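One structure is given below, encoded as structure tokens.
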Amino acid sequence: MRRFTTEELSRYNGRDGAPAFIAYQGKVYDVSRSFLWQEGRHQVLHHAGVDLTASLDQAPHGADLLEKFPVVGTLDKG
């Protein structure tokens with residue numbers, strides 16, 4: 001499985017044809033096909049290409065929602 005640095009993850013921001021990836025608890029998910037992540041933005045509050053671990057805890061939905069998206073790697077914070 002691919003390991004992403006924070007810098008590498010930021011390239012997958014969903015803009016200009018790039019895929020939209022987000023990280024949560026060390027896993028990197030591809031949310032590109034979700035209509036809720038068009039142009040790399042979700043609900044005007046969140047952007048693709050970042051670690052959303054802290055933000056998701058405050059979302060009106062649970063992390064189980066991420067289970068429907070493919071895991072494409074892990075986030076290496078080192």
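Residues are referred to by chain and number: the chain letter is A, B, ... according to the order shown in the structure tokens, the number counts from 1 in that chain, and ligands are numbered separately from 1 in the order shown.
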TODO: Excluding Ala63 in chain A and any residue of its chain fewer than 5 positions from it, enumerate the residues within 12 Å of it, using only C-alpha atoms, and give them as a list in words.
DONE: Ala23, Tyr24, Gln25, Lys27, Tyr29, Leu52, Thr53, Ala54, Ser55, Leu56, Asp57, Gln58, Lys68 and Phe69 of chain A
Open item on the list: Quick one: residues within 12 Å of Leu36 in chain A, only C-alpha atoms, excluding same-chain residues fewer than 5 positions away - as a PyMOL selection string?
Closed with: chain A and resi 14+20+31+41-48
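Within chain A, DSSP applied to the backbone places the following residues in strand (DSSP E): A:Arg2, A:Arg3, A:Phe4, A:Thr5, A:Phe21, A:Ile22, A:Ala23, A:Tyr24, A:Lys27, A:Val28, A:Tyr29, A:Asp30, A:Arg41, A:His42, A:His46, A:His47, A:Val71, A:Val72, A:Gly73, A:Thr74, A:Leu75, A:Asp76.
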Task: Nearest-residue call for Asp16 in chain A, choices A:Asp64, A:Gly40, A:Asp30, A:Phe4, using only C-alpha atoms - done: A:Gly40
- [ ] Could you find all residues in chain A that DSSP calls alpha helix (DSSP H) from the backbone, and write them as a list in words?
- [x] Thr6, Glu7, Glu8, Leu9, Ser10, Thr53, Ala54, Ser55 and Leu56 of chain A
TODO: Compile the contact shell of range 7-9 of chain A as a PyMOL selection string: residues with an atom at most 7 Å away, counting only C-alpha atoms, same-chain residues fewer than 2 positions apart removed.
DONE: chain A and resi 4-5+11-12+49-50
May I have the selected residues written with N, CA and C atoms, as a CSV table (one decimal), in the first residue's frame?
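Produced file selection-v8.csv, reproduced below:
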```csv
chain,number,residue,atom,x,y,z
A,4,PHE,N,1.9,8.0,1.9
A,4,PHE,CA,1.9,9.4,1.5
A,4,PHE,C,2.5,10.3,2.6
A,5,THR,N,3.3,11.2,2.2
A,5,THR,CA,3.7,12.3,3.2
A,5,THR,C,2.6,13.3,3.1
A,11,ARG,N,-1.2,17.2,-2.9
A,11,ARG,CA,-1.3,17.2,-4.4
A,11,ARG,C,-2.6,16.6,-4.9
A,12,TYR,N,-3.2,15.8,-4.1
A,12,TYR,CA,-4.5,15.2,-4.4
A,12,TYR,C,-5.7,15.9,-3.8
A,49,GLY,N,-7.0,16.6,0.1
A,49,GLY,CA,-5.6,16.8,0.1
A,49,GLY,C,-5.0,17.0,1.5
A,50,VAL,N,-5.9,16.8,2.5
A,50,VAL,CA,-5.4,17.0,3.9
A,50,VAL,C,-5.9,15.9,4.8
```
Task: Pairwise distance for CA of Gly17 in chain A and CA of Arg2 in chain A, rounded to one decimal in Å - done: 20.6 Å
Task: Proximity to Arg33 in chain A - best of A:Pro70, A:Leu65, A:Arg3, A:Asp51, only C-alpha atoms - done: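 Checking each of A:Pro70, A:Leu65, A:Arg3, A:Asp51 against Arg33 in chain A, counting only C-alpha atoms, the winner is A:Pro70.
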Open item on the list: For a quick check of understanding, using only C-alpha atoms, which of A:Ile22, A:Ser10, A:Arg15, A:Val28 has the smallest distance to Val71 in chain A?
Closed with: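 Of the candidates, the smallest distance to Val71 in chain A is held by A:Val28.
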- [ ] Would you mind reading off the distance between CA of Met1 in chain A and CA of Asp76 in chain A, one decimal, in Å?
- [x]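 Atom-to-atom, CA of Met1 in chain A and CA of Asp76 in chain A are spaced 11.9 Å apart.
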